[in-house]
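Participant: So here's entry_22.csv (CSV, C-alpha atoms and all ligand atoms).
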```csv
chain,number,residue,atom,x,y,z
F,1,MET,CA,-84.2,13.2,-125.1
F,2,LYS,CA,-82.9,15.0,-128.2
F,3,LEU,CA,-86.3,15.2,-129.9
F,4,PHE,CA,-87.7,17.2,-127.0
F,5,ASP,CA,-84.7,19.2,-125.9
F,6,GLY,CA,-85.8,22.1,-123.7
F,7,LEU,CA,-89.2,20.4,-123.0
F,8,GLU,CA,-87.9,17.9,-120.5
F,9,ALA,CA,-90.2,19.2,-117.8
F,10,ILE,CA,-93.2,18.0,-119.6
F,11,VAL,CA,-92.0,15.0,-121.6
F,12,GLU,CA,-91.3,11.5,-120.3
F,13,GLU,CA,-90.2,8.4,-122.2
F,14,ASP,CA,-91.5,4.9,-122.1
F,15,VAL,CA,-94.4,5.6,-119.8
F,16,PRO,CA,-96.7,2.6,-119.0
F,17,MET,CA,-100.2,3.3,-120.3
F,18,ALA,CA,-102.1,0.7,-118.3
F,19,PRO,CA,-102.4,2.8,-115.1
F,20,ARG,CA,-103.7,5.7,-117.2
F,21,THR,CA,-106.7,3.8,-118.6
F,22,SER,CA,-109.8,2.4,-116.8
F,23,PHE,CA,-109.2,-1.0,-118.4
F,24,GLN,CA,-105.7,-0.9,-116.9
F,25,ILE,CA,-104.3,-2.7,-119.9
F,26,GLY,CA,-101.7,-2.0,-122.5
F,27,GLY,CA,-98.0,-1.3,-123.1
F,28,ALA,CA,-96.0,1.9,-122.8
F,29,ALA,CA,-96.1,5.2,-124.7
F,30,LYS,CA,-92.8,6.0,-126.4
F,31,TYR,CA,-93.3,9.7,-125.3
F,32,PHE,CA,-95.8,10.9,-122.8
F,33,ILE,CA,-96.3,14.7,-122.8
F,34,THR,CA,-98.1,16.7,-120.2
F,35,PRO,CA,-98.3,20.4,-121.3
F,36,ARG,CA,-99.5,22.8,-118.6
F,37,THR,CA,-100.1,25.8,-120.9
F,38,VAL,CA,-101.2,26.3,-124.5
F,39,ASP,CA,-97.8,27.6,-125.3
F,40,GLU,CA,-96.2,24.3,-124.1
F,41,LEU,CA,-98.7,22.3,-126.1
F,42,GLN,CA,-97.9,24.4,-129.2
F,43,GLN,CA,-94.2,23.7,-128.7
F,44,ALA,CA,-94.8,20.0,-128.2
F,45,VAL,CA,-97.0,19.7,-131.3
F,46,THR,CA,-94.5,21.6,-133.4
F,47,ARG,CA,-91.7,19.2,-132.2
F,48,CYS,CA,-93.8,16.1,-132.9
F,49,ARG,CA,-94.6,17.4,-136.4
F,50,GLU,CA,-91.0,18.2,-137.2
F,51,ASN,CA,-90.1,14.6,-136.2
F,52,ASP,CA,-93.1,12.9,-137.9
F,53,LEU,CA,-94.3,11.5,-134.6
F,54,ALA,CA,-97.9,10.4,-134.5
F,55,MET,CA,-99.9,12.2,-131.7
F,56,TYR,CA,-102.6,10.7,-129.5
F,57,VAL,CA,-104.7,12.8,-127.2
F,58,LEU,CA,-105.4,11.2,-123.8
F,59,GLY,CA,-108.2,12.3,-121.4
F,60,LYS,CA,-109.0,10.0,-118.5
F,61,GLY,CA,-108.6,6.9,-120.6
F,62,SER,CA,-112.1,5.7,-119.9
F,63,ASN,CA,-112.9,4.8,-123.5
F,64,LEU,CA,-109.6,3.3,-124.6
F,65,LEU,CA,-107.9,0.0,-125.1
F,66,VAL,CA,-104.1,0.4,-125.5
F,67,ASP,CA,-102.4,-2.4,-127.4
F,68,ASP,CA,-100.0,-4.7,-125.5
F,69,ALA,CA,-97.2,-3.3,-127.8
F,70,GLY,CA,-97.9,0.2,-126.5
F,71,VAL,CA,-98.0,3.4,-128.5
F,72,LYS,CA,-95.1,4.2,-130.8
F,73,GLY,CA,-95.7,8.0,-131.0
F,74,ALA,CA,-96.5,10.7,-128.5
F,75,VAL,CA,-99.4,10.5,-126.1
F,76,ILE,CA,-100.4,14.1,-125.1
F,77,HIS,CA,-102.3,14.4,-121.9
F,78,LEU,CA,-104.1,17.7,-121.2
F,79,GLY,CA,-104.7,17.3,-117.5
F,80,GLN,CA,-102.3,19.8,-115.8
F,81,GLY,CA,-102.1,23.5,-115.3
F,82,GLU,CA,-104.5,25.7,-117.2
F,83,PHE,CA,-106.1,22.6,-118.8
F,84,ALA,CA,-107.5,21.7,-115.4
F,85,ASP,CA,-109.0,25.1,-114.7
F,86,VAL,CA,-112.7,25.6,-113.9
F,87,THR,CA,-114.3,29.1,-113.7
F,88,MET,CA,-117.8,30.3,-113.3
F,89,THR,CA,-119.3,32.4,-116.1
F,90,GLU,CA,-122.5,34.5,-116.2
F,91,THR,CA,-124.4,31.7,-118.0
F,92,GLY,CA,-122.7,28.6,-116.6
F,93,ILE,CA,-119.2,27.2,-116.3
F,94,ARG,CA,-116.0,27.1,-118.3
F,95,ALA,CA,-113.7,24.2,-117.9
F,96,GLY,CA,-110.3,23.2,-119.3
F,97,ALA,CA,-110.1,20.0,-121.4
F,98,GLY,CA,-108.5,18.1,-118.5
F,99,ALA,CA,-111.1,19.0,-115.9
F,100,ASP,CA,-112.6,15.8,-114.4
F,101,MET,CA,-116.3,15.3,-115.3
F,102,GLY,CA,-117.3,13.8,-112.0
F,103,ARG,CA,-115.9,16.7,-110.1
F,104,LEU,CA,-117.5,19.1,-112.5
F,105,VAL,CA,-120.9,17.6,-111.9
F,106,LEU,CA,-120.5,18.0,-108.1
F,107,ARG,CA,-119.2,21.5,-108.5
F,108,CYS,CA,-122.4,22.3,-110.4
F,109,VAL,CA,-124.5,20.8,-107.6
F,110,ARG,CA,-122.7,23.1,-105.1
F,111,GLU,CA,-123.1,26.2,-107.2
F,112,GLY,CA,-126.8,25.4,-107.9
F,113,LEU,CA,-126.2,25.0,-111.6
F,114,SER,CA,-128.5,22.5,-113.4
F,115,GLY,CA,-128.0,20.8,-116.8
F,116,MET,CA,-124.8,18.8,-116.0
F,117,GLU,CA,-126.4,16.2,-113.8
F,118,GLY,CA,-127.3,13.8,-116.7
F,119,LEU,CA,-123.5,13.1,-117.0
F,120,THR,CA,-123.4,11.6,-113.5
F,121,GLY,CA,-121.4,8.4,-113.4
F,122,ILE,CA,-119.7,8.9,-116.8
F,123,PRO,CA,-115.9,8.9,-116.1
F,124,GLY,CA,-113.8,11.2,-118.2
F,125,THR,CA,-112.4,14.6,-118.8
F,126,VAL,CA,-114.2,17.5,-120.4
F,127,GLY,CA,-112.1,17.0,-123.6
F,128,GLY,CA,-112.8,13.3,-123.8
F,129,CYS,CA,-116.5,13.8,-123.1
F,130,VAL,CA,-116.9,16.6,-125.7
F,131,ARG,CA,-115.0,14.5,-128.3
F,132,MET,CA,-117.3,11.5,-127.6
F,133,ASN,CA,-120.5,13.5,-127.0
F,134,ALA,CA,-120.7,11.5,-123.8
F,135,GLY,CA,-124.1,10.8,-122.4
F,136,GLY,CA,-127.0,8.4,-122.5
F,137,ALA,CA,-130.6,8.1,-121.3
F,138,PHE,CA,-130.2,11.2,-119.1
F,139,GLY,CA,-128.8,13.5,-121.7
F,140,ASP,CA,-125.7,14.1,-123.8
F,141,ILE,CA,-123.0,16.7,-123.1
F,142,GLY,CA,-123.6,18.3,-126.5
F,143,ASN,CA,-126.9,19.6,-125.2
F,144,ILE,CA,-125.2,22.0,-122.9
F,145,VAL,CA,-122.1,23.0,-124.8
F,146,GLU,CA,-122.0,26.7,-125.6
F,147,ASN,CA,-118.5,26.9,-127.2
F,148,VAL,CA,-115.4,24.8,-127.5
F,149,VAL,CA,-111.8,26.0,-127.9
F,150,VAL,CA,-110.0,23.7,-130.3
F,151,MET,CA,-106.5,23.5,-131.9
F,152,GLY,CA,-105.4,21.7,-135.0
F,153,LEU,CA,-102.0,20.5,-136.1
F,154,ASP,CA,-101.1,24.1,-137.1
F,155,ALA,CA,-101.1,24.8,-133.4
F,156,GLN,CA,-103.4,27.8,-133.7
F,157,PRO,CA,-106.2,27.7,-131.1
F,158,PHE,CA,-109.7,29.0,-132.0
F,159,THR,CA,-113.2,29.0,-130.7
F,160,ARG,CA,-116.1,27.2,-132.2
F,161,PHE,CA,-119.6,28.3,-131.2
F,162,ARG,CA,-122.8,26.4,-130.6
F,163,THR,CA,-124.4,27.5,-133.9
F,164,ASP,CA,-121.6,25.8,-135.8
F,165,LEU,CA,-121.3,22.7,-133.7
F,166,ALA,CA,-123.2,19.5,-134.3
F,167,PHE,CA,-123.5,16.6,-131.8
F,168,ALA,CA,-124.9,13.2,-132.5
F,169,TYR,CA,-124.8,9.8,-130.9
F,170,ARG,CA,-121.3,9.5,-129.4
F,171,THR,CA,-119.8,11.9,-132.1
F,172,THR,CA,-119.4,15.6,-133.0
F,173,ASN,CA,-118.3,17.6,-136.1
F,174,ILE,CA,-115.2,18.7,-134.3
F,175,ALA,CA,-112.3,17.6,-136.5
F,176,SER,CA,-109.5,19.5,-134.8
F,177,LYS,CA,-107.0,17.2,-133.0
F,178,PHE,CA,-107.1,19.0,-129.7
F,179,ILE,CA,-110.0,20.2,-127.6
F,180,LEU,CA,-108.5,22.7,-125.1
F,181,GLY,CA,-111.6,23.6,-123.1
F,182,ALA,CA,-115.3,24.2,-123.3
F,183,GLU,CA,-118.0,26.5,-121.9
F,184,PHE,CA,-121.3,25.1,-120.8
F,185,ARG,CA,-124.7,26.9,-120.6
F,186,LEU,CA,-126.5,25.9,-117.4
F,187,GLY,CA,-129.6,26.9,-115.6
F,188,HIS,CA,-130.2,27.7,-111.9
F,189,ASP,CA,-131.9,25.4,-109.5
F,190,ASP,CA,-132.0,24.4,-105.8
F,191,PRO,CA,-128.7,22.5,-105.0
F,192,HIS,CA,-130.8,19.9,-103.0
F,193,ARG,CA,-133.0,19.2,-105.9
F,194,ILE,CA,-130.0,18.8,-108.3
F,195,LEU,CA,-128.2,16.5,-105.8
F,196,LYS,CA,-131.3,14.4,-105.5
F,197,GLN,CA,-131.3,13.8,-109.2
F,198,VAL,CA,-127.5,13.1,-109.2
F,199,LYS,CA,-128.1,10.5,-106.5
F,200,GLN,CA,-131.0,8.9,-108.5
F,201,ILE,CA,-128.9,8.6,-111.6
F,202,TRP,CA,-125.9,7.3,-109.7
F,203,ILE,CA,-128.1,4.5,-108.1
F,204,TYR,CA,-129.5,3.6,-111.6
F,205,LYS,CA,-125.9,3.4,-113.0
F,206,LYS,CA,-124.7,1.3,-110.1
F,207,ASN,CA,-127.6,-1.1,-110.6
F,208,THR,CA,-127.2,-1.5,-114.3
F,209,GLN,CA,-123.4,-1.2,-114.9
F,210,PRO,CA,-120.5,-3.2,-113.5
F,211,LEU,CA,-118.8,-0.2,-112.0
F,212,ASN,CA,-116.5,-2.0,-109.6
F,213,TYR,CA,-114.5,-3.9,-112.1
F,214,ARG,CA,-111.9,-2.8,-114.8
F,215,ASN,CA,-113.7,-1.9,-118.0
F,216,ALA,CA,-114.0,0.9,-120.5
F,217,GLY,CA,-117.7,1.4,-120.6
F,218,CYS,CA,-119.8,0.2,-123.6
F,219,VAL,CA,-117.6,-1.6,-126.1
F,220,PHE,CA,-119.9,-1.4,-129.1
F,221,ARG,CA,-122.1,1.4,-130.5
F,222,ASN,CA,-125.8,0.7,-130.5
F,223,PRO,CA,-126.8,-0.1,-134.1
F,224,ARG,CA,-129.7,2.1,-135.2
F,225,GLY,CA,-132.8,1.3,-133.3
F,226,LEU,CA,-131.2,-1.6,-131.5
F,227,SER,CA,-129.3,-2.3,-128.3
F,228,ALA,CA,-125.8,-3.8,-128.7
F,229,GLY,CA,-126.1,-5.2,-125.1
F,230,ALA,CA,-129.4,-6.9,-125.9
F,231,LEU,CA,-127.9,-8.4,-129.1
F,232,ILE,CA,-124.9,-9.7,-127.2
F,233,ASP,CA,-127.2,-11.1,-124.5
F,234,ARG,CA,-129.4,-12.8,-127.1
F,235,ALA,CA,-126.4,-14.4,-128.7
F,236,GLY,CA,-125.8,-16.1,-125.3
F,237,LEU,CA,-122.5,-14.4,-124.6
F,238,LYS,CA,-122.9,-13.1,-121.0
F,239,GLY,CA,-120.0,-14.5,-119.1
F,240,LYS,CA,-118.1,-15.5,-122.3
F,241,ARG,CA,-114.4,-15.4,-121.5
F,242,VAL,CA,-111.1,-15.2,-123.5
F,243,GLY,CA,-108.1,-15.2,-121.2
F,244,GLY,CA,-108.7,-12.6,-118.5
F,245,ALA,CA,-111.4,-10.7,-120.5
F,246,PHE,CA,-115.1,-11.6,-120.1
F,247,VAL,CA,-118.5,-10.3,-120.9
F,248,SER,CA,-120.3,-8.8,-117.9
F,249,ASP,CA,-123.3,-10.6,-116.6
F,250,LYS,CA,-124.8,-7.2,-115.5
F,251,HIS,CA,-124.5,-5.4,-118.9
F,252,ALA,CA,-123.5,-7.5,-121.9
F,253,ASN,CA,-122.0,-4.4,-123.7
F,254,PHE,CA,-119.3,-4.2,-121.1
F,255,ILE,CA,-116.2,-6.3,-121.3
F,256,LEU,CA,-114.5,-6.7,-117.9
F,257,ALA,CA,-110.8,-7.5,-117.3
F,258,ASP,CA,-109.2,-9.5,-114.6
F,259,PRO,CA,-105.8,-8.2,-113.4
F,260,GLY,CA,-103.1,-9.2,-115.9
F,261,THR,CA,-105.5,-9.3,-118.9
F,262,LYS,CA,-103.8,-8.6,-122.2
F,263,ALA,CA,-105.2,-6.3,-124.9
F,264,ALA,CA,-105.0,-9.3,-127.2
F,265,ASP,CA,-107.6,-11.1,-124.9
F,266,VAL,CA,-110.0,-8.2,-125.2
F,267,LEU,CA,-109.5,-8.0,-129.0
F,268,LYS,CA,-110.1,-11.7,-129.4
F,269,LEU,CA,-113.3,-11.5,-127.3
F,270,ILE,CA,-114.4,-8.5,-129.4
F,271,ASN,CA,-114.1,-10.7,-132.5
F,272,VAL,CA,-115.9,-13.6,-130.8
F,273,ILE,CA,-118.8,-11.3,-130.0
F,274,ARG,CA,-118.9,-9.8,-133.4
F,275,GLU,CA,-119.0,-13.2,-135.1
F,276,ALA,CA,-121.7,-14.6,-132.7
F,277,VAL,CA,-123.9,-11.5,-133.0
F,278,TYR,CA,-123.6,-11.5,-136.8
F,279,LYS,CA,-124.5,-15.2,-137.0
F,280,GLN,CA,-127.5,-14.7,-134.7
F,281,ALA,CA,-128.9,-11.4,-135.8
F,282,GLU,CA,-127.0,-10.5,-139.1
F,283,VAL,CA,-125.8,-7.2,-137.4
F,284,TYR,CA,-122.2,-6.1,-137.5
F,285,LEU,CA,-121.3,-4.4,-134.3
F,286,GLU,CA,-119.1,-1.3,-134.6
F,287,LEU,CA,-116.7,-0.3,-131.8
F,288,GLU,CA,-117.4,2.6,-129.5
F,289,LEU,CA,-114.2,1.8,-127.6
F,290,GLU,CA,-111.1,3.3,-129.2
F,291,VAL,CA,-108.1,1.0,-129.8
F,292,TRP,CA,-104.6,2.5,-129.8
R,301,LIG,C1,-117.7,2.6,-116.0
R,301,LIG,C2,-117.8,3.4,-117.3
R,301,LIG,C3,-119.1,3.9,-117.6
R,301,LIG,C4,-119.2,4.6,-118.8
R,301,LIG,N1,-120.5,5.1,-119.1
R,301,LIG,C5,-120.6,5.9,-120.2
R,301,LIG,C6,-121.9,6.5,-120.5
R,301,LIG,O1,-122.9,6.3,-119.8
R,301,LIG,N2,-122.0,7.3,-121.6
R,301,LIG,C7,-120.9,7.5,-122.4
R,301,LIG,O2,-121.0,8.3,-123.4
R,301,LIG,N3,-119.7,7.0,-122.1
R,301,LIG,C8,-119.5,6.2,-121.1
R,301,LIG,N4,-118.3,5.7,-120.8
R,301,LIG,C9,-117.2,5.9,-121.7
R,301,LIG,C10,-116.3,7.1,-121.3
R,301,LIG,O3,-116.6,7.5,-120.0
R,301,LIG,C11,-116.6,8.3,-122.3
R,301,LIG,O4,-116.3,7.9,-123.6
R,301,LIG,C12,-115.8,9.6,-121.9
R,301,LIG,O5,-116.2,10.6,-122.8
R,301,LIG,C13,-114.3,9.3,-122.1
R,301,LIG,O6,-113.6,10.5,-121.7
R,301,LIG,P1,-112.0,10.4,-121.4
R,301,LIG,O7,-111.6,11.7,-120.9
R,301,LIG,O8,-111.7,9.2,-120.5
R,301,LIG,O9,-111.5,10.1,-122.8
R,301,LIG,P2,-110.4,9.1,-123.3
R,301,LIG,O10,-110.9,7.7,-123.1
R,301,LIG,O11,-109.1,9.4,-122.7
R,301,LIG,O12,-110.4,9.4,-124.9
R,301,LIG,C14,-111.5,9.1,-125.6
R,301,LIG,C15,-111.4,9.8,-127.0
R,301,LIG,O13,-111.4,11.2,-126.8
R,301,LIG,C16,-110.2,11.8,-127.3
R,301,LIG,N5,-109.8,12.9,-126.4
R,301,LIG,C17,-109.7,12.9,-125.1
R,301,LIG,N6,-109.3,14.1,-124.6
R,301,LIG,C18,-109.3,14.9,-125.7
R,301,LIG,C19,-109.0,16.3,-125.9
R,301,LIG,N7,-108.7,17.1,-124.9
R,301,LIG,N8,-109.0,16.8,-127.2
R,301,LIG,C20,-109.3,16.0,-128.2
R,301,LIG,N9,-109.6,14.7,-128.1
R,301,LIG,C21,-109.6,14.1,-126.9
R,301,LIG,C22,-109.2,10.7,-127.3
R,301,LIG,O14,-108.2,10.9,-128.2
R,301,LIG,C23,-110.1,9.5,-127.7
R,301,LIG,O15,-110.3,9.6,-129.1
R,301,LIG,C24,-118.1,4.9,-119.6
R,301,LIG,C25,-116.8,4.4,-119.3
R,301,LIG,C26,-116.7,3.6,-118.1
R,301,LIG,C27,-115.3,3.1,-117.7
```
Please express the file's structure as structure tokens.

Facilitator:
Amino acid sequence: MKLFDGLEAIVEEDVPMAPRTSFQIGGAAKYFITPRTVDELQQAVTRCRENDLAMYVLGKGSNLLVDDAGVKGAVIHLGQGEFADVTMTETGIRAGAGADMGRLVLRCVREGLSGMEGLTGIPGTVGGCVRMNAGGAFGDIGNIVENVVVMGLDAQPFTRFRTDLAFAYRTTNIASKFILGAEFRLGHDDPHRILKQVKQIWIYKKNTQPLNYRNAGCVFRNPRGLSAGALIDRAGLKGKRVGGAFVSDKHANFILADPGTKAADVLKLINVIREAVYKQAEVYLELELEVW
């Protein structure tokens, strides 16, 4: 592994990506890098740049479709060591980019911290959720972000504060390649009351989303003032299938994947949906799902 001499402890070659995404689809990453410290991340980034390797940042892989041909460059996963740290602060909680969102929600319940419960049932890491401004009817993560530690390709970390951050529907103004961690401002409440709300949101999600089948959440962004799911439903596409990929009967903005489904099946189904919705409603659906 000449390219990454000295970094063998954190770099693997030809690593299958399917097990690292919720869709469980896709080929291998040429290089898979798991830095445990900022220093290791800086070294890896410098090495990638010296060798003109494209870099992809992976969280929990809950919003991704990886191509069958895999990823030619380096996939960098911030999930180990200091990137998974969670600490309490005076006003809330600080978490590394790789901290698991589901566990963080439950930690907040235990600590009697309120504000995070709206993210119940959203699979992901802190980094992926901040990048996507994850959320929905019960609130977006951007509402509770106090500051975010980021790092660009120059490998120099810095902190961005709430006053200079903007969050909108599934997007932020953070342009830096890497989110290293974030601090959340939370309130105090009775753990039983917070838990009750978490349970209610969880039941709602279970009733409205196909959570027990391979998927990557909502595939398309809601067009302004419209629901992508309703448009897909109205175009008569619930249950529509291409190979192993099919539109959920429960929530038409979810594509589900049988074991063995190819990324090509999902991509073809995406095109079928787009064409049908455009024909029916003259609306072009944009992807929320990210394709690598
Ligand atoms: C069953 C299901 C339900 C879902 N429901 C919702 C929902 O209600 N609301 C919602 O918003 N989303 C939902 N999603 C989508 C998904 O949970 C979110 O998009 C989540 O934010 C993805 O986080 P992740 O860590 O898995 O990111 P990934 O899928 O790994 O990556 C997503 C994007 O974030 C970037 N990224 C990840 N980590 C970092 C980092 N440390 N630094 C910089 N960039 C990074 C990636 O490069 C990529 O661009 C759902 C998904 C599933 C499977």

Participant: If you measure from atom C10 of ligand LIG 301 (chain R) to atom CA of Thr159 of chain F, what distance in Å do you get, rounded to one decimal?

Facilitator: 24.0 Å

Participant: Just want the residues within 6 Å of ligand LIG 301 (chain R), written as an NGL selection string, counting all atoms listed in the file.

Facilitator: :F and (22 or 56-64 or 78 or 97 or 122-125 or 127-129 or 131-132 or 134-136 or 177-180 or 211 or 215-217)

Participant: As an MDAnalysis selection string, please: the residues near Ala74 of chain F (cut-off 10 Å, all atoms listed in the file, same-chain neighbours under 3 positions excluded).

Facilitator: chainID F and resid 11:14 29:33 44:45 48 53:57 71 77

Participant: As a ChimeraX atom specification, please: the residues near Ser227 of chain F (cut-off 12 Å, only C-alpha atoms, same-chain neighbours under 6 positions excluded).

Facilitator: /F:218-221,233-234,251-253,277,281,283,285

Participant: Which of these residues is nearest to Arg20 of chain F, using only C-alpha atoms: F:Ile141, F:Leu65, F:Leu165, F:Ala84?

Facilitator: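 Smallest separation from Arg20 of chain F among the options: F:Leu65.
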
Participant: Please determine the residues with any atom at most 8 Å from (-107.8, 19.5, -116.2) (coordinates as given in the file, with all atoms listed in the file counting) and report them as an NGL selection string.

Facilitator: :F and (78-85 or 95-100 or 125-126)

Participant: Give the answer as one residue: which of F:Ala168, F:Ile194, F:Val150, F:Leu226 has the shortest atom-to-atom distance to Gly115 of chain F, using all atoms listed in the file?

Facilitator: F:Ile194

Participant: Which residues are near Thr172 of chain F? Cut-off 7 Å, only C-alpha atoms, ignore same chain within fewer than 5 positions. Put them as a PyMOL selection string.

Facilitator: chain F and resi 131+133+166-167

Participant: If we count all atoms listed in the file, what is near segment 202-208 of chain F at a cut-off of 8 Å, once residues fewer than 2 positions away on the same chain are taken out, given as an MDAnalysis selection string?

Facilitator: chainID F and resid 120:121 198:200 210:211 250:251

Participant: Hey, which of F:Leu41, F:Lys196, F:Ala28, F:Leu104 ends up closest to Gly73 of chain F? Count all atoms listed in the file.

Facilitator: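 The answer is F:Ala28, which sits nearest to Gly73 of chain F.
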
Participant: In Å to one decimal, how far is atom CA of Val266 of chain F from atom CA of Gly244 of chain F?

Facilitator: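 Separation of atom CA of Gly244 of chain F and atom CA of Val266 of chain F: 8.1 Å.
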
Participant: In Å, how far is it from atom CA of Thr163 of chain F to atom CA of Val145 of chain F?

Facilitator: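 So the answer is 10.4 Å.
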
Participant: Point out the residue among F:Ala9, F:Ile255, F:Leu153, F:Val86 with the least atom-to-atom distance to Glu50 of chain F, counting all atoms listed in the file.

Facilitator: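 Checking each of F:Ala9, F:Ile255, F:Leu153, F:Val86 against Glu50 of chain F, counting all atoms listed in the file, the winner is F:Leu153.
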
Participant: Please enclose the listed atoms of segment 238-243 of chain F in an axis-aligned box, pad each side by 6 Å, and write out the centre and the three edge lengths in Å, rounded to one decimal, as JSON.

Facilitator:
```
{"center_x": -115.5, "center_y": -14.3, "center_z": -121.3, "size_x": 26.8, "size_y": 14.4, "size_z": 16.4}
```

Participant: Rank F:Arg214, F:Arg224, F:Arg274, F:Arg47 by their smallest atom-to-atom distance to Ala245 of chain F, using only C-alpha atoms, and report the top residue only.

Facilitator: F:Arg214

Participant: For each of F:Pro223, F:Pro35, F:Gly27, F:Pro191, take the minimum atom-to-atom distance to Trp292 of chain F, counting only C-alpha atoms, then give the residue where this is smallest.

Facilitator: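 Smallest distance to Trp292 of chain F is found for F:Gly27.
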
Participant: Would you mind putting back N, CA, C and O atoms on segment 232-247 of chain F, then writing it out as a short mmCIF file (atom, residue, chain, number, x, y, z; two decimals), keeping the file's coordinate frame?

Facilitator:
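Now in rebuild_20.cif:
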```
data_model
loop_
_atom_site.label_atom_id
_atom_site.label_comp_id
_atom_site.auth_asym_id
_atom_site.auth_seq_id
_atom_site.Cartn_x
_atom_site.Cartn_y
_atom_site.Cartn_z
N ILE F 232 -125.97 -8.88 -127.77
CA ILE F 232 -124.90 -9.70 -127.20
C ILE F 232 -125.52 -10.75 -126.24
O ILE F 232 -125.19 -11.95 -126.25
N ASP F 233 -126.46 -10.27 -125.44
CA ASP F 233 -127.20 -11.10 -124.50
C ASP F 233 -127.91 -12.23 -125.25
O ASP F 233 -127.81 -13.42 -124.92
N ARG F 234 -128.62 -11.83 -126.30
CA ARG F 234 -129.40 -12.80 -127.10
C ARG F 234 -128.54 -13.84 -127.75
O ARG F 234 -128.95 -14.96 -127.98
N ALA F 235 -127.30 -13.46 -128.05
CA ALA F 235 -126.40 -14.40 -128.70
C ALA F 235 -125.78 -15.37 -127.59
O ALA F 235 -124.91 -16.19 -127.88
N GLY F 236 -126.23 -15.22 -126.36
CA GLY F 236 -125.80 -16.10 -125.30
C GLY F 236 -124.41 -15.90 -124.78
O GLY F 236 -123.75 -16.84 -124.31
N LEU F 237 -123.95 -14.64 -124.85
CA LEU F 237 -122.50 -14.40 -124.60
C LEU F 237 -122.24 -13.84 -123.18
O LEU F 237 -121.07 -13.61 -122.86
N LYS F 238 -123.25 -13.62 -122.35
CA LYS F 238 -122.90 -13.10 -121.00
C LYS F 238 -122.01 -14.11 -120.31
O LYS F 238 -122.25 -15.32 -120.33
N GLY F 239 -120.94 -13.63 -119.74
CA GLY F 239 -120.00 -14.50 -119.10
C GLY F 239 -118.94 -15.12 -119.97
O GLY F 239 -117.97 -15.71 -119.51
N LYS F 240 -119.10 -14.96 -121.29
CA LYS F 240 -118.10 -15.50 -122.30
C LYS F 240 -116.74 -14.98 -121.96
O LYS F 240 -116.56 -13.78 -121.75
N ARG F 241 -115.74 -15.84 -121.98
CA ARG F 241 -114.40 -15.40 -121.50
C ARG F 241 -113.34 -15.78 -122.59
O ARG F 241 -113.38 -16.85 -123.21
N VAL F 242 -112.38 -14.87 -122.78
CA VAL F 242 -111.10 -15.20 -123.50
C VAL F 242 -110.00 -14.68 -122.61
O VAL F 242 -109.89 -13.48 -122.35
N GLY F 243 -109.18 -15.59 -122.11
CA GLY F 243 -108.10 -15.20 -121.20
C GLY F 243 -108.72 -14.50 -119.98
O GLY F 243 -109.67 -14.99 -119.37
N GLY F 244 -108.19 -13.30 -119.67
CA GLY F 244 -108.70 -12.60 -118.50
C GLY F 244 -109.87 -11.66 -118.84
O GLY F 244 -110.39 -10.96 -117.96
N ALA F 245 -110.30 -11.64 -120.10
CA ALA F 245 -111.40 -10.70 -120.50
C ALA F 245 -112.70 -11.50 -120.59
O ALA F 245 -112.74 -12.61 -121.13
N PHE F 246 -113.78 -10.92 -120.03
CA PHE F 246 -115.10 -11.60 -120.10
C PHE F 246 -116.23 -10.63 -120.19
O PHE F 246 -116.12 -9.47 -119.78
N VAL F 247 -117.33 -11.13 -120.76
CA VAL F 247 -118.50 -10.30 -120.90
C VAL F 247 -119.26 -10.20 -119.61
O VAL F 247 -119.50 -11.21 -118.94
#
```
